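Peer 1: I have a structure here, written as structure tokens, and I will follow up with some questions on it.
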Number of protein chains: 4
Amino acid sequence: MIIVMGRSSSEEDLERVVGAVESAGLDVHISEGVQHTIVGCVGDVSHLNREELQVLSGVQRVVRVMHPFKLVSREFQEDDTEIDVDGVTIGGRQVTVMAGPCAVEDRQMLLETAEIVKEGGGEVLRGGAFKPRTSPYSFQGLGEEGLKILREAAERTGLKVVTEVLTPGDLELVAYYADILQIGARNMQNYSLLRAVGRADRPVLLKRGLMSSVEEWLMAAEYIASEGNRDIMLCERGIRTFSKYTRNTLDLSAVPLAQELSHLPVVVDPSHATGRWKLVAPMAKAAVAAGADGLIMEVHPRPAEAKSDGPQSLKPETFLNAMDEIAEIADTVGRGVKGG
Amino acid sequence: MIIVMGRSSSEEDLERVVGAVESAGLDVHISEGVQHTIVGCVGDVSHLNREELQVLSGVQRVVRVMHPFKLVSREFQEDDTEIDVDGVTIGGRQVTVMAGPCAVEDRQMLLETAEIVKEGGGEVLRGGAFKPRTSPYSFQGLGEEGLKILREAAERTGLKVVTEVLTPGDLELVAYYADILQIGARNMQNYSLLRAVGRADRPVLLKRGLMSSVEEWLMAAEYIASEGNRDIMLCERGIRTFSKYTRNTLDLSAVPLAQELSHLPVVVDPSHATGRWKLVAPMAKAAVAAGADGLIMEVHPRPAEAKSDGPQSLKPETFLNAMDEIAEIADTVGRGVKGG
Amino acid sequence: MIIVMGRSSSEEDLERVVGAVESAGLDVHISEGVQHTIVGCVGDVSHLNREELQVLSGVQRVVRVMHPFKLVSREFQEDDTEIDVDGVTIGGRQVTVMAGPCAVEDRQMLLETAEIVKEGGGEVLRGGAFKPRTSPYSFQGLGEEGLKILREAAERTGLKVVTEVLTPGDLELVAYYADILQIGARNMQNYSLLRAVGRADRPVLLKRGLMSSVEEWLMAAEYIASEGNRDIMLCERGIRTFSKYTRNTLDLSAVPLAQELSHLPVVVDPSHATGRWKLVAPMAKAAVAAGADGLIMEVHPRPAEAKSDGPQSLKPETFLNAMDEIAEIADTVGRGVKGG
Amino acid sequence: MIIVMGRSSSEEDLERVVGAVESAGLDVHISEGVQHTIVGCVGDVSHLNREELQVLSGVQRVVRVMHPFKLVSREFQEDDTEIDVDGVTIGGRQVTVMAGPCAVEDRQMLLETAEIVKEGGGEVLRGGAFKPRTSPYSFQGLGEEGLKILREAAERTGLKVVTEVLTPGDLELVAYYADILQIGARNMQNYSLLRAVGRADRPVLLKRGLMSSVEEWLMAAEYIASEGNRDIMLCERGIRTFSKYTRNTLDLSAVPLAQELSHLPVVVDPSHATGRWKLVAPMAKAAVAAGADGLIMEVHPRPAEAKSDGPQSLKPETFLNAMDEIAEIADTVGRGVKGG
């Protein structure tokens with residue numbers, strides 16, 4: 001059971017509601033968002049009288065949620081969440097395209113890539129400054145230097161920036177330069193990090209873990225939401241299976257499924273999912289046909305020279321061609337992409 | 001190494017080629033197809049002199065194939081295979097839709113379903129007469145009675161029939177009534193059955209096993225092709241993963257991947273892949289966007305009454321709506337469906 | 001609900017029981033075994049009155065089984081099944097060791113291997129005469145010639161023979177030469193084959209499919225049992241996972257789990273499960289410590305020359321050492337191996 | 001290539017070695033451990049002359065390591081690592097048993113549990129004070145209060161304490177109370193945390209991720225080792241597969257495999273791997289038979305009342321019985337447990 005307090009509710013209203021819940025033997029979880037304060041009831045809700053709660057002063061509505069995820073569930077909020085990133089909307093009618101290199105390698109290549117992304121109709125620039133690498137001896141990213149380059153490229157092109165944050169200690173720094181905070185697949189259940197971005201003033205792109213169920217993914221989003229940050233995009237990026245020809249197996253059925261269970265927008269990453277550039281365009285088109293709200297793709301001016309993930313990065317011309325085809329599919333399903 | 005004998009080559013030509021290969025210490029595998037006789041060289045091909053073989057009488061061409069699958073590989077045949085099923089083409093420009101109930105339950109429901117399939121633009125009627133059921137105590141299908149009903153429905157509507165054959169002993173019977181022989185996922189590595197349909201005079205729809213790699217799937221197709229039958233459709237129907245919200249995980253990247261590695265057409269089954277009718281239309285559209293050559297879907301006049309797989313079957317109106325959307329995507333990617 | 005008819009029950013007794021079940025609106029499945037005739041009730045058993053059935057003439061007992069597998073469930077039979085293979089018991093106190101080459105390659109090597117198996121305390125000789133190979137161009141086994149060699153080796157050493165049958169058409173031939181019929185992992189859901197061996201007069205070793213749950217495995221056993229053959233050994237041989245260092249992932253927890261759910265003996269195959277000879281002895285010991293009733297292992301006089309699965313075959317001396325260690329573990333858990 | 005500097009090597013020796021490597025165009029990674037300073041060479045090692053490096057002053061030895069994991073590889077250190085935790089050795093002849101509740105719930109139950117662990121021959125007390133829970137609304141552990149209780153129980157019984165650390169920010173606190181730092185499965189690729197414990201003065205128990213290959217697991221250990229901390233225990237705790245009867249699938253072949261590839265001790269957690277208390281003892285015995293250096297198991301005085309993971313916790317008497325059986329297997333494989 002979730003109790004939504006109205007905007008104009010007072011401190012006393014909240015205390016009275018909390019008291020009513022606690023006196024029925026349950027615990028409360030209070031989540032203060034920009035729009036609403038929400039009182040979650042933790043425990044055996046059969047002891048609660050919904051009608052009595054509904055008439056308490058300041059209470060906007062009382063929602064019964066059957067799933068273990070509450071704030072992010074479709075039961076809690078019927079309408080799609082639309083996230084406004086300083087003028088770019090994710091989760092609205094249009095399909096939002098995010099693109100860029102796996103890692104920020106140097107200023108020149110990033111500025112070059114940003115122009116290509118812009119040209120193709122992308123709205124968000126991706127690029128890693130802090131890279132989670134399997135080996136401690138591999139290139140770990142340029143750090144703050146990389147963030148500065150991303151910011152510069154964004155300012156020049158009008159693109160927004162999405163980049164990964166690896167640990168709570170880096171959060172303030174990353175949030176200073178980035179428009180969207182990315183939580184990587186390996187950190188999907190790093191709960192300290194989820195809580196930290198849940199208190200940050202930036203939208204979050206939450207990648208699905210390599211072996212995470214759709215429920216666990218939504219529970220990870222719930223961690224973020226429960227701290228107050230409701231601007232969350234889910235990102236399907238492939239799961240790990242026995243299959244060896246592709247890097248991972250893109251689970252596109254997770255797109256309509258997550259949209260059925262949750263009001264959050266769903267973005268698809270065909271680059272990490274397949275690991276092969278030839279499969280990126282077909283899977284991007286398939287994702288849009290399946291109803292994805294956004295795409296995040298790897299583009300590199302010269303993939304052969306990339307410091308990481310070269311084999312899955314699109315060349316500029318391949319990216320531009322793919323964008324044309326993606327725009328056609330987006331139009332067909334009534335969405336469109338920017339400028340498409 | 002594969003040696004393709006020309007149509008007008010003689011028995012002596014073949015013997016000379018075989019002799020040349022064997023004298024280099026290799027074994028030969030001869031596969032007699034409708035168009036060509038093919039001599040496969042089994043063993044260490046570095047001992048063979050390609051140029052010498054090429055000039056032997058009757059030899060059309062000598063092909064080096066790096067993959068373990070030979071006759072079904074794109075290296076062996078560059079052009080897409082187009083399969084003609086008595087006027088219906090699979091693997092050509094158009095996307096072919098196959099639809100029908102999981103199992104043939106009775107005459108009335110099947111005739112009713114066939115009309116709906118026809119109305120939606122489907123060209124092939126599916127339906128199980130011999131059902132592979134997990135439990136020996138579940139409904140096992142109507143057997144020959146079911147085949148007769150399928151044939152009757154086909155004659156009335158002009159649809160073709162695809163239905164599963166479970167064992168070599170049933171092959172003659174099934175081939176008598178069906179236009180396309182289906183090999184189910186559980187039988188993908190039932191080599192006796194593969195060999196048997198490889199000698200049959202009917203196209204084969206080969207479902208991918210629940211835990212089969214793309215390579216194993218193509219090797220299963222190779223078993224069929226090596227017996228002479230080259231009219232094979234691959235069918236992606238979901239693989240088994242840890243994911244529990246869907247029955248299986250549809251691996252759409254397998255579509256462009258199989259098309260890159262092989263010249264065979266690829267059909268997608270979104271019904272078995274997801275097990276939830278709400279996901280069937282989104283995944284069907286995604287499949288076509290990804291380049292699928294065909295779709296096979298479950299439709300039932302009254303899913304709630306279905307003897308098997310009701311939860312994944314489309315109602316008639318849902319099917320007809322889905323077909324409209326599928327046709328739009330097919331047009332967008334330059335394919336179209338029949339009458340669409 | 002399952003009704004066990006006593007040994008001395010008459011044809012009329014059976015008819016009366018069937019009538020009682022059918023008149024309650026259920027279907028019956030009759031399974032005639034060596035010891036008992038069993039009437040399975042298929043349908044909504046809440047309509048049956050257990051007490052009324054229990055007092056009918058000829059009825060020995062009426063068992064309620066909650067699992068979908070019935071005859072093979074522990075609820076149906078509390079005591080462990082002990083299978084007598086002409087003097088060798090599987091499922092009793094002792095751990096039974098089966099060993100031999102992957103494939104029968106020639107007479108000399110097999111006779112040599114049989115002597116080693118005998119020397120190590122093995123009781124059953126394994127070896128494939130009909131091989132299910134991924135490629136149609138790989139060595140497919142010696143066929144009947146291989147069966148004859150197996151039989152000869154068995155006669156010379158007193159070992160029993162277990163070998164795979166691939167298709168119903170070969171069953172009579174294989175049963176003529178073999179003591180135990182093996183159903184391979186790829187054929188675990190080849191229901192025609194399961195039914196066929198269910199009518200055969202030979203014990204069956206049923207390998208778990210690469211992708212099969214414990215429940216599906218027991219349902220496959222149920223197919224065999226429902227045809228009358230109750231002499232079934234389950235064989236865990238590794239499942240397919242994302243893990244790449246080993247060929248498959250040995251699921252040892254399936255041993256106590258299957259023994260909890262079923263009365264059938266469980267045999268473990270550490271050779272196919274790992275694909276690496278160095279891991280065979282540790283996993284064989286682990287299997288026995290986990291409660292396995294038997295082991296099936298690959299031994300080859302000269303693994304480097306093996307036509308298939310050389311890397312997972314034990315050399316004679318490694319096998320003999322492993323057998324000593326296995327015997328010690330078997331003693332520790334109160335079982336022992338033959339002569340150990 | 002890895003260069004091990006002798007204990008008595010000087011600062012100048014190190015600089016000379018670094019200069020030699022860098023002048024060949026490679027980067028260096030310096031790792032200062034308690035015993036040795038190690039210079040890792042990152043880049044194309046074919047440009048390095050091993051013989052020239054070997055004769056530089058202060059160099060003890062130069063090791064070529066083929067695997068991507070270096071310091072933790074068996075190639076780098078042939079002898080097993082033995083970790084001394086204040087008198088308790090992990091990785092030596094004896095099998096070390098760690099046991100305790102999933103979470104520290106209150107002082108009384110933990111002191112009670114500690115006595116049982118002690119009585120059974122356990123040497124390390126486990127218990128979570130900071131719990132990584134799938135839901136933000138579930139019990140998250142007692143925090144520092146829980147750590148204090150663990151320490152008190154340890155002082156009373158002489159047991160050592162292993163407990164999980166979730167984030168770098170908690171590290172100092174956890175290390176103050178605990179003897180061994182646990183990295184949970186969900187954090188196996190939380191590289192910031194791995195680096196942090198790599199600089200801590202406490203041994204680390206590194207759980208394998210649900211979806212992690214053996215190579216990724218060793219790479220995670222390499223992250224820790226590369227920061228200087230070489231006292232690492234690997235912990236196999238089950239991987240995620242399609243199998244549904246058990247919580248995860250215990251991959252026991254990973255034990256001998258990790259021991260072949262690495263010199264680090266391997267501990268097995270049969271409780272989380274199976275999720276069912278009935279399977280814990282069989283899997284614990286199997287683990288020891290497979291060569292495990294330690295076990296970590298869940299014990300709870302009253303499992304039915306446990307706040308988390310009750311179904312997989314052993315009751316006191318079941319634990320004591322299991323310990324007797326484990327001790328017998330440990331003796332059989334020449335290891336033994338404490339007091340066993």
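Ordering of the structure tokens sets the chain letters (A, B, ...); residue numbers start at 1 within each chain; ligands are numbered from 1 in the order shown.
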Output as JSON, numbers by chain the set of chain A residues within 7 Å of chain C, with distances taken over only C-alpha atoms.
Peer 2: {"A": [240, 241, 242]}
Peer 1: So that I can check the surroundings of segment 218-230 of chain D, please list as a PyMOL selection string every protein, DNA and RNA residue that reaches within 10 Å of it, counting only C-alpha atoms and ignoring chain neighbours fewer than 6 positions away.
Peer 2: (chain A and resi 133-137) or (chain D and resi 29-40+67-73+81+83+187-209+212+258+261-262+264)
Peer 1: Atom CA of Pro168 of chain C and atom CA of Glu236 of chain B are how many Å apart?
Peer 2: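 Spanning atom CA of Pro168 of chain C to atom CA of Glu236 of chain B is a straight-line distance of 27.7 Å.
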Peer 1: Could you check how far atom CA of Arg151 of chain B sits from atom CA of His272 of chain B, in Å to one decimal?
Peer 2: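 Atom CA of His272 of chain B lies at a distance of 23.6 Å from atom CA of Arg151 of chain B.
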Peer 1: If we count only C-alpha atoms, what is near Met283 of chain A at a cut-off of 9 Å, once residues fewer than 4 positions away on the same chain are taken out, given as JSON, numbers by chain?
Peer 2: {"A": [250, 252, 269, 270, 271, 274, 279, 287, 288], "B": [252, 253, 256, 286, 289, 290]}
Peer 1: What's around Leu48 of chain D at 9 Å? Count only C-alpha atoms, leave out sequence neighbours fewer than 6 positions away in its own chain, and write the answer as JSON, numbers by chain.
Peer 2: {"D": [1, 20, 21, 24, 26]}
Peer 1: Quick one: residues within 8 Å of segment 309-315 of chain B, only C-alpha atoms, excluding same-chain residues fewer than 6 positions away - as a ChimeraX atom specification?
Peer 2: /B:101-102,271-272,274-278,280,297-303
Peer 1: Enumerate, as a PyMOL selection string, the complete set of residues in segment 180-296 of chain D that a backbone-based DSSP assignment places in strand (DSSP E).
Peer 2: chain D and resi 180-183+204-207+232-236+266-268+294-296
Peer 1: By how many Å are atom CA of Arg64 of chain B and atom CA of Glu82 of chain B apart?
Peer 2: 23.0 Å
Peer 1: Might you pull out every residue within 6 Å of segment 153-162 of chain D, with only C-alpha atoms counted and same-chain residues fewer than 6 positions away left off, and present them as a list in words?
Peer 2: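 Near neighbours after the sequence-gap exclusion: Leu111, Glu123, Val124, Leu125, Arg126, Ala178, Asp179, Ile180 and Leu181 of chain D.
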Peer 1: Can you list, as a VMD selection string, all residues belonging to segment 231-301 of chain C that DSSP tags as alpha helix (DSSP H)?
Peer 2: chain C and resid 254 to 261 270 to 274 277 to 289
Peer 1: Counting only C-alpha atoms, which residue out of B:Gly146, B:Gly336, B:Gly120, B:Gly19 sits closest to Leu53 of chain B?
Peer 2: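 Of B:Gly146, B:Gly336, B:Gly120, B:Gly19, the one nearest Leu53 of chain B is B:Gly19, counting only C-alpha atoms.
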Peer 1: Might you pull out every residue within 8 Å of Ser9 of chain A, with only C-alpha atoms counted and same-chain residues fewer than 3 positions away left off, and present them as a compact mmCIF listing (two decimals) with N, CA, C and O atoms, in the first residue's frame?
Peer 2:
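Result saved to result_19.txt:
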# COMPACT_ATOMS: atom_id res chain seq x y z
N MET A 5 0.81 11.82 -0.71
CA MET A 5 0.41 13.06 -0.04
C MET A 5 0.30 14.17 -1.09
O MET A 5 1.16 14.31 -1.95
N GLY A 6 -0.75 14.96 -0.99
CA GLY A 6 -0.93 16.07 -1.93
C GLY A 6 0.15 17.13 -1.76
O GLY A 6 0.82 17.21 -0.73
N ASP A 13 -0.03 16.70 8.61
CA ASP A 13 -0.77 15.69 7.83
C ASP A 13 0.07 14.43 7.70
O ASP A 13 -0.41 13.31 7.91
N LEU A 14 1.34 14.64 7.35
CA LEU A 14 2.25 13.50 7.16
C LEU A 14 2.38 12.71 8.46
O LEU A 14 2.29 11.48 8.47
N SER A 57 -6.54 14.00 6.28
CA SER A 57 -6.17 15.29 5.70
C SER A 57 -4.83 15.21 4.97
O SER A 57 -3.87 14.62 5.49
N GLY A 58 -4.77 15.81 3.78
CA GLY A 58 -3.52 15.86 3.02
C GLY A 58 -3.30 14.66 2.12
O GLY A 58 -2.43 14.68 1.25
N VAL A 59 -4.08 13.60 2.30
CA VAL A 59 -3.89 12.39 1.48
C VAL A 59 -4.53 12.60 0.11
O VAL A 59 -5.71 12.94 0.02
